[in-house]
Structures are given as structure tokens and as C-alpha cells.
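To start, the structure itself, in C-alpha cells.
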Amino acid sequence: MRRDLNLTLSPSSLLTRDRVISVLGAWLPAVVLLGAIAVRRWYQQGTFPTGLDGGQWLAIGRGLFGSGRATDGAYPPFVPLLVEFGQTLSDPMLTLKLLSIGSLLAVAALVYYIAQRRLSTMVAVTLTAAIGLTSAAAEPAAYGGYPQLLATAFLLGASAMVTRYLATGERRDLVGTAVGLIAAALTHHIYFPLALLTVTGIWLIWLTQRPPRHDAGLRSWGVLAAIASGLLAFAPTLIAFRAAGYAPPLDASQLGVIEAFRYGTRESPITWGIIIGSSLICLIATVRERRQPLWQIAAALMTVTLPLFILSAEVRLLLPILIAGTLGLGYGFQRLMESASGRVTPFLQFAPLFLILLWPNADRAAGDYFRFYQVVDQPLLDAADALDEAADGELAVVRHDRRGWPIGWWFEGLTDAKIAVGADRRWLGFPSERDQAAMASSFFDTPVAADRLGALAVRHDVRWLVFRKWEWIGWQRWVEAANPPVTIAYDDDEFMILAIR
């Protein structure tokens with residue numbers, strides 16, 4: 001006798017399935033958008049990762065395990081560790097490219113996570129596109145500022161978690177806040193204080209709502225515990241920075257506030273100016289609704305970063321301002337749609353799409369950034385391989401490029417050689433780096449007679465000189481001297497490596 005198999009789904013399994021479908025549906029537009037941005041930026045970046053800092057992350061990551069940079073220094077360890085782990089699984093160039101694009105996407109994804117909790121999908125996707133395309137996010141991805149972008153994502157994550165914790169008192173949200181702050185502390189030394197101030201601002205905004213005394217006391221202690229955990233995680237980096245005499249090279253380009261804003265929003269400074277101004281109006285007009293998490297995040301982030309940017313004209317502070325601007329404007333726009341009549345709402349629903357018009361200009365700006373910061377090429381990799389084979393614990397001085405950029409960072413990251421990095425002092429934050437750059441300059445930027453080169457090399461214990469061949473032709477007088485003080489160890493007509501006798 002055949003028995004029918006009766007399969008039924010329990011209410012809990014149906015709820016789980018519906019929840020999964022709902023989440024997938026909510027995130028599908030953002031995934032498609034971010035995928036399109038990722039593919040485009042990957043193509044624009046080219047074969048090799050762009051920028052200078054990627055070489056530092058390679059060298060510092062290796063240095064955490066015993067070998068790496070020749071100069072003293074201190075950096076938050078998360079990204080160097082991530083790079084070191086990544087290159088054990090893959091090629092270092094691929095690892096850095098993935099980190100470049102991934103860090104940019106992380107910021108945009110967190111913006112969407114925050115926005116879609118309160119705003120319509122159309123508005124949330126539009127805001128995400130604006131942040132994902134902005135020059136303020138594309139430039140760090142191009143020059144190697146992955147810690148800055150990842151720390152921004154952690155800042156947003158901690159902000160989202162603390163708003164949930166203050167609203168619900170759930171312990172898991174408190175843990176999420178602490179994890180976000182700790183991650184920011186281990187990732188970037190400037191964005192961690194911003195994260196700390198933003199979380200504190202959200203907490204103070206919440207207190208202005210006069211919550212019940214018991215909730216106010218208990219949850220305030222929770223926020224302070226999360227802040228303390230972040231400070232504890234940041235303490236080793238802070239101590240190391242102070243011991244190394246770090247002085248951040250802020251505003252190395254010496255731009256004014258207006259010029260810095262134009263530089264960081266080159267896809268459309270007018271549009272971004274309107275967004276930020278409108279956001280401030282929206283946040284002020286809806287101040288009575290400060291119970292809303294999105295309002296709290298936008299207001300706290302704007303209050304923390306906008307005055308700092310005005311005072312410092314530091315371009316790296318623009319990204320959180322633009323994020324706060326989009327979130328604040330998005331909140332005001334959502335409230336407008338909710339209060340509008342049914343005949344106006346369909347039109348308003350599609351109005352945010354005008355921000356997509358930023359795409360062509362943003363695409364051109366991103367392409368300009370990737371081309372501008374193109375440092376690594378096959379000749380550099382070949383020269384690094386040659387130096388790695390030749391150098392045996394002897395110091396090699398790598399000259400800066402024609403723009404004064406410290407391309408020696410890449411030689412530090414790609415070789416086991418001991419490297420002295422030549423550079424314009426504006427780009428250097430540690431005294432030992434600046435001293436080393438001055439020593440490198442004594443070989444290249446001051447004419448040295450052939451009969452005095454050996455004595456200079458002995459004084460600084462230098463054996464090798466590395467440079468782009470046609471950016472510095474002083475080598476010719478040494479090679480053509482009656483008693484040449486150098487031999488050509490490597491020459492591919494792009495890079496030259498000289499061995500000092």
C-alpha cells in the first residue's frame with residue numbers, strides 16, 4: 001500500500017524563507033549597481049595597482065613578521081596584515097587591485113545599508129551611486145588609500161550599530177558598535193578619531209530626546225564601554241606614532257578650502273555644493289525627528305567633519321561630508337515624498353535619478369586619477385627583481401620620480417633589499433623617513449664628483465643606486481669618468497641600477 005509523503009513548512013521556516021527573499025530583493029539593485037562600478041574601476045585601473053601606498057602595505061605587512069621597511073615607522077596593522085595574508089594566496093598585484101576596488105565598494109555598500117533601512121529603494125540606490133562614483137572615493141582607491149576607505153566603512157558600521165543599540169538596548173548591537181570602533185582603530189589613525197567623535201555625537205543626540213533614566217544610564221555606560229574598547233585597540237598605534245615622532249603630512253598640496261572642495265568633487269562641485277547645502281537645510285528642518293537613526297548618523301557625521309574640513313582644507317575629510325550630505329538630503333527627500341499628494345509622489349520617486357547624471361563626469365575623473373597615480377609598470381617590477389637578486393643586505397638608495405614621489409616604497413614592498421627611499425619631504429610623516437630622503441638627495445640632487453662618490457657611499461653605507469634612467473642623467477658623468485666609481489648592474493633603458501665600487 002502506497003503512503004503519500006506529506007511535506008509541510010513550519011511557520012518559522014516560512015518566515016525565514018520570506019526574510020531571505022526580502023533581503024535579497026532589497027539588495028539586488030545595489031549589488032547590480034556596485035558590480036557595474038567595480039567592473040568599470042577595475043578596467044580603468046589597468047594591469048597593475050596604481051598609487052604609491054600599495055608598496056608600503058606590502059612592506060609593512062612583511063615587516064610585522066620580521067622583515068620589511070628599512071625606516072622606522074608605525075601604522076595601524078589591519079590593511080598590512082590583510083595584504084600579507086592576501087599575497088600568500090595570490091599574486092601581490094592582484095591582491096592590491098582587489099583591495100583597491102573592494103575598499104571603495106565597502107563604503108558604498110555601508111551607505112546603502114544605512115539608507116535602505118529608512119529610505120525607498122530608489123532613493124537608497126541613488127545615494128549609493130553618488131558615493132560610489134564620487135572623486136572623494138575614487139582617488140583613495142587610486143593612490144592606495146585603502147585604510148582610509150575601509151575605516152570609513154567601519155565608521156559607518158559603528159554608527160549604524162550604535163543607533164540600533166540606543167534604540168533597542170540589544171547587546172549584539174553594542175558588540176557591533178565595539179567591533180566597528182576596534183576595526184577603525186586598527187585601520188586608520190585619522191578616521192578612528194572621526195569614528196569616535198561620530199559615535200559620541202550620535203549618543204549625545206539620543207540623550208537630547210530625554211530617554212527614561214534607567215535606559216539613559218544603562219545604555220550610556222554601554223556606549224562608553226564600546227568607546228573604551230576602541231581606545232584600547234588604538235593605544236599601541238598611538239604610542240608607536242608618538243615614539244616615532246609622527247607628524248601627519250596634512251594638506252601637502254596646500255589648497256584652500258574652495259580649491260580642496262573642487263578638487264575632491266571634480267565630477268561636479270556645484271552639484272555637491274547643492275547637496276550639502278540642501279542636506280543642512282533638511283536636517284535643521286527635521287530636527288524634531290532626531291529619533292530617526294538615519295537623521296542621527298547624518299547630523300553627527302556632518303557636525304564632526306564639516307568644521308574640521310573648513311579649518312584644515314584637508315581633502316581626505318571630504319568623503320564623510322559627502323556621505324552625510326547624501327544621507328541628510330535623502331532623509332529630507334523621503335519625508336517630502338511621504339507628505340506629498342498621491343499625484344506628485346510618482347514623479348518624486350524618480351527625481352533622485354538626476355544624480356546618475358554624475359556618472360560620465362565621475363567616470364572621466366576616476367580615469368584621470370588612475371592614470372595620474374600610475375607608478376608600477378613592468379620595468380619597475382623587472383628592476384625590483386634584479387635588485388632583489390643582487391642586493392645582499394646592502395643598502396640601496398631609490399631616487400624619487402620626476403614628481404618627487406617616493407617610488408622606493410614599491411621597492412621596499414617587492415624586494416627583501418634594504419631600501420633608502422628618496423622623496424619630496426611633503427609626503428613623509430616620520431623623521432627617519434625625512435632623514436633618509438635627505439640622504440638620498442645627497443646622491444642625486446646635489447652634483448657629486450666621481451672621485452667623491454665612494455667616500456659619500458661609505459659614509460652612509462650605501463652600495464646600490466636605483467633610478468629611472470632618463471629622469472636623472474647624472475649617472476653619465478660617473479660612468480664616463482677616467483676611473484668610474486660605479487658599474488652598471490642593470491639597465492633596461494627604463495630603470496638603471498648602479499653598483500658603487
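Residues are named by chain letter and number: chains run A, B, ... in the order of the C-alpha cells, numbers start at 1 in each chain, and ligands are numbered from 1 in the order shown.
Using only C-alpha atoms, the contacts of Leu52 of chain A at a cut-off of 9 Å, with sequence neighbours closer than 6 positions omitted, comprise Tyr143, Gly144, Tyr373, Gln374, Val375, Val376, Trp405, Pro406, Ile407, Gly408, Trp409 and Trp410 of chain A.
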- Backbone DSSP call of alpha helix (DSSP H) for segment 210-431 of chain A, listed as a PyMOL selection string: chain A and resi 213-244+257-264+269-285+293-312+318-339+345-350+358-372+378-390+408-414+431
Just C-alpha atoms for this one: save the residues we selected as a CSV table (one decimal), in the first residue's frame.
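Done, and the output landed in result16.csv:
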chain,number,residue,atom,x,y,z
A,213,ARG,CA,16.5,57.5,33.3
A,214,HIS,CA,17.2,53.8,33.5
A,215,ASP,CA,17.7,53.4,29.8
A,216,ALA,CA,19.8,56.6,29.6
A,217,GLY,CA,22.2,55.3,32.3
A,218,LEU,CA,22.5,51.7,31.2
A,219,ARG,CA,22.9,52.4,27.5
A,220,SER,CA,25.3,55.4,28.1
A,221,TRP,CA,27.6,53.0,30.1
A,222,GLY,CA,27.4,50.6,27.1
A,223,VAL,CA,28.4,53.3,24.6
A,224,LEU,CA,31.3,54.4,26.9
A,225,ALA,CA,32.4,50.7,27.1
A,226,ALA,CA,32.4,50.5,23.3
A,227,ILE,CA,34.4,53.7,23.0
A,228,ALA,CA,36.8,52.4,25.6
A,229,SER,CA,37.4,49.2,23.7
A,230,GLY,CA,38.2,51.3,20.6
A,231,LEU,CA,40.6,53.5,22.5
A,232,LEU,CA,42.3,50.4,24.0
A,233,ALA,CA,42.8,48.9,20.5
A,234,PHE,CA,44.2,52.3,19.2
A,235,ALA,CA,46.6,52.7,22.1
A,236,PRO,CA,49.5,50.6,20.7
A,237,THR,CA,49.3,52.6,17.4
A,238,LEU,CA,49.2,55.9,19.2
A,239,ILE,CA,52.1,55.0,21.4
A,240,ALA,CA,54.1,53.9,18.4
A,241,PHE,CA,53.3,57.0,16.4
A,242,ARG,CA,54.4,59.3,19.3
A,243,ALA,CA,57.6,57.3,19.8
A,244,ALA,CA,58.4,57.6,16.1
A,257,VAL,CA,39.0,75.3,1.3
A,258,ILE,CA,37.3,76.2,-2.0
A,259,GLU,CA,40.1,74.6,-4.1
A,260,ALA,CA,40.1,71.5,-1.9
A,261,PHE,CA,36.4,71.1,-2.3
A,262,ARG,CA,36.6,71.5,-6.1
A,263,TYR,CA,39.5,69.0,-6.2
A,264,GLY,CA,37.6,66.4,-4.2
A,269,PRO,CA,31.4,70.7,-7.4
A,270,ILE,CA,28.2,72.7,-7.9
A,271,THR,CA,26.0,69.6,-7.6
A,272,TRP,CA,27.8,68.5,-4.4
A,273,GLY,CA,27.6,72.0,-3.0
A,274,ILE,CA,23.8,72.0,-3.6
A,275,ILE,CA,23.6,68.5,-2.0
A,276,ILE,CA,25.5,69.6,1.1
A,277,GLY,CA,23.6,72.9,1.5
A,278,SER,CA,20.2,71.2,1.0
A,279,SER,CA,21.2,68.5,3.4
A,280,LEU,CA,21.9,71.0,6.1
A,281,ILE,CA,18.5,72.6,5.5
A,282,CYS,CA,16.8,69.2,5.6
A,283,LEU,CA,18.5,68.2,8.9
A,284,ILE,CA,17.6,71.5,10.5
A,285,ALA,CA,14.0,71.4,9.3
A,293,PRO,CA,18.7,56.6,13.2
A,294,LEU,CA,19.5,57.9,9.7
A,295,TRP,CA,19.0,61.5,10.9
A,296,GLN,CA,21.3,60.9,13.8
A,297,ILE,CA,24.1,59.5,11.6
A,298,ALA,CA,23.9,62.2,9.0
A,299,ALA,CA,23.7,65.0,11.6
A,300,ALA,CA,26.6,63.6,13.8
A,301,LEU,CA,28.8,62.9,10.8
A,302,MET,CA,28.2,66.4,9.3
A,303,THR,CA,28.7,68.1,12.6
A,304,VAL,CA,32.0,66.4,13.2
A,305,THR,CA,33.6,66.6,9.8
A,306,LEU,CA,32.4,69.8,8.2
A,307,PRO,CA,34.1,72.2,10.7
A,308,LEU,CA,37.3,70.1,10.5
A,309,PHE,CA,37.3,70.4,6.7
A,310,ILE,CA,36.7,74.2,6.9
A,311,LEU,CA,39.6,74.6,9.3
A,312,SER,CA,42.1,72.3,7.6
A,318,LEU,CA,35.5,65.3,2.2
A,319,LEU,CA,34.2,61.8,1.8
A,320,PRO,CA,32.4,61.6,5.2
A,321,ILE,CA,31.0,65.1,4.5
A,322,LEU,CA,29.6,63.9,1.2
A,323,ILE,CA,28.2,60.8,2.8
A,324,ALA,CA,26.5,62.9,5.5
A,325,GLY,CA,25.2,65.2,2.7
A,326,THR,CA,23.6,62.4,0.7
A,327,LEU,CA,22.1,60.8,3.8
A,328,GLY,CA,20.7,64.1,5.0
A,329,LEU,CA,19.3,65.0,1.7
A,330,GLY,CA,17.9,61.5,1.2
A,331,TYR,CA,16.1,61.7,4.5
A,332,GLY,CA,14.6,65.1,3.7
A,333,PHE,CA,13.5,63.9,0.2
A,334,GLN,CA,11.9,60.8,1.7
A,335,ARG,CA,9.9,62.9,4.1
A,336,LEU,CA,8.8,65.1,1.2
A,337,MET,CA,7.6,62.1,-0.7
A,338,GLU,CA,5.7,60.8,2.3
A,339,SER,CA,3.9,64.1,2.8
A,345,THR,CA,4.7,61.1,-5.4
A,346,PRO,CA,5.2,59.0,-8.6
A,347,PHE,CA,7.2,61.9,-10.1
A,348,LEU,CA,9.2,62.5,-7.0
A,349,GLN,CA,10.0,58.8,-6.8
A,350,PHE,CA,12.2,59.1,-9.9
A,358,LEU,CA,27.1,62.5,-12.4
A,359,TRP,CA,28.3,59.1,-13.9
A,360,PRO,CA,30.0,60.4,-17.1
A,361,ASN,CA,31.9,63.2,-15.3
A,362,ALA,CA,32.8,60.9,-12.4
A,363,ASP,CA,34.0,58.2,-14.8
A,364,ARG,CA,36.3,60.6,-16.5
A,365,ALA,CA,37.6,61.9,-13.2
A,366,ALA,CA,38.3,58.3,-12.0
A,367,GLY,CA,40.1,57.6,-15.2
A,368,ASP,CA,42.2,60.7,-14.7
A,369,TYR,CA,43.1,59.6,-11.1
A,370,PHE,CA,44.1,56.1,-12.2
A,371,ARG,CA,46.3,57.5,-15.0
A,372,PHE,CA,47.8,60.2,-12.7
A,378,GLN,CA,56.6,46.1,-15.9
A,379,PRO,CA,60.0,47.9,-16.0
A,380,LEU,CA,59.7,48.7,-12.3
A,381,LEU,CA,58.8,45.1,-11.5
A,382,ASP,CA,61.8,43.9,-13.5
A,383,ALA,CA,64.1,46.3,-11.8
A,384,ALA,CA,62.8,45.2,-8.4
A,385,ASP,CA,63.5,41.6,-9.3
A,386,ALA,CA,67.0,42.5,-10.4
A,387,LEU,CA,67.7,44.4,-7.2
A,388,ASP,CA,66.3,41.6,-5.1
A,389,GLU,CA,68.7,39.2,-6.7
A,390,ALA,CA,71.8,41.5,-6.4
A,408,GLY,CA,61.1,53.4,-3.3
A,409,TRP,CA,58.1,52.3,-1.3
A,410,TRP,CA,57.4,49.8,-4.1
A,411,PHE,CA,60.9,48.5,-4.0
A,412,GLU,CA,60.5,48.1,-0.2
A,413,GLY,CA,57.3,46.1,-0.8
A,414,LEU,CA,58.5,44.0,-3.7
A,431,PRO,CA,61.6,62.0,11.0
- Message: Please determine, counting only C-alpha atoms, which residue among A:Gly429, A:Pro485, A:Gly404, A:Gly393 has the shortest atom-to-atom distance to Ala455 of chain A.
- Response: A:Pro485
- Item | Among the residues A:Ala129, A:Ala26, A:Leu357, A:Leu255, the one that comes closest to Ala313 of chain A [using only C-alpha atoms] | A:Leu255
- Identify, on the basis of only C-alpha atoms, every residue whose closest approach to segment 76-91 of chain A does not exceed 7 Å; exclude the query and any residue fewer than 6 positions from it along the same chain; express the result as a ChimeraX atom specification. /A:57-58,60-62,147,186-189,237
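Take the candidates A:Val162, A:Ile114, A:Leu98, A:Ile190 and check each one against Thr177 of chain A using only C-alpha atoms; the shortest distance goes to A:Val162.
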- Do a neighbour search on Trp478 of chain A at 9 Å with only C-alpha atoms, toss out local chain neighbours closer than 5 positions, and write the hits as number ranges by chain. A: 448-451, 453, 483-486
Those residues with C-alpha atoms, as a compact mmCIF listing (two decimals), in the first residue's frame please?
# COMPACT_ATOMS: atom_id res chain seq x y z
CA VAL A 448 78.77 64.69 -6.69
CA ALA A 449 82.16 64.40 -8.37
CA ALA A 450 83.23 60.93 -9.41
CA ASP A 451 86.20 60.92 -7.03
CA LEU A 453 81.14 59.34 -4.65
CA ASN A 483 88.24 55.90 -13.06
CA PRO A 484 84.49 55.16 -12.87
CA PRO A 485 83.27 54.87 -9.26
CA VAL A 486 80.29 52.75 -10.36
- Item | Members of segment 262-499 of chain A assigned strand (DSSP E or B) by DSSP, as a PyMOL selection string | chain A and resi 395-398+418-421+462-468+486-491+495-499
Dump as a PDB file, in the first residue's frame, selection limited to C-alpha atoms:
ATOM      1  CA  LEU A 395      71.605  49.475   1.378  1.00  0.00           C
ATOM      2  CA  ALA A 396      70.075  50.617  -1.916  1.00  0.00           C
ATOM      3  CA  VAL A 397      69.042  54.246  -2.452  1.00  0.00           C
ATOM      4  CA  VAL A 398      65.997  54.625  -4.719  1.00  0.00           C
ATOM      5  CA  LYS A 418      67.295  47.293   2.451  1.00  0.00           C
ATOM      6  CA  ILE A 419      65.914  50.451   0.821  1.00  0.00           C
ATOM      7  CA  ALA A 420      66.520  54.142   1.455  1.00  0.00           C
ATOM      8  CA  VAL A 421      63.606  55.998  -0.128  1.00  0.00           C
ATOM      9  CA  VAL A 462      75.275  52.646   0.521  1.00  0.00           C
ATOM     10  CA  ARG A 463      76.031  50.023  -2.133  1.00  0.00           C
ATOM     11  CA  TRP A 464      73.318  50.463  -4.790  1.00  0.00           C
ATOM     12  CA  LEU A 465      71.662  53.385  -6.573  1.00  0.00           C
ATOM     13  CA  VAL A 466      68.312  52.865  -8.333  1.00  0.00           C
ATOM     14  CA  PHE A 467      66.515  55.372 -10.564  1.00  0.00           C
ATOM     15  CA  ARG A 468      64.561  55.831 -13.761  1.00  0.00           C
ATOM     16  CA  VAL A 486      80.290  52.746 -10.362  1.00  0.00           C
ATOM     17  CA  THR A 487      79.440  49.784 -12.539  1.00  0.00           C
ATOM     18  CA  ILE A 488      76.126  49.334 -14.313  1.00  0.00           C
ATOM     19  CA  ALA A 489      74.473  46.359 -12.664  1.00  0.00           C
ATOM     20  CA  TYR A 490      71.158  46.678 -14.516  1.00  0.00           C
ATOM     21  CA  ASP A 491      69.897  48.741 -17.429  1.00  0.00           C
ATOM     22  CA  PHE A 495      65.454  51.717 -14.936  1.00  0.00           C
ATOM     23  CA  MET A 496      69.130  51.673 -14.061  1.00  0.00           C
ATOM     24  CA  ILE A 497      70.851  50.098 -11.078  1.00  0.00           C
ATOM     25  CA  LEU A 498      74.393  51.215 -10.293  1.00  0.00           C
ATOM     26  CA  ALA A 499      76.750  49.336  -8.025  1.00  0.00           C
TER      27      ALA A 499
END
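Taking atom CA of Ile500 of chain A and atom CA of Phe430 of chain A as endpoints, the distance between them is 27.9 Å.
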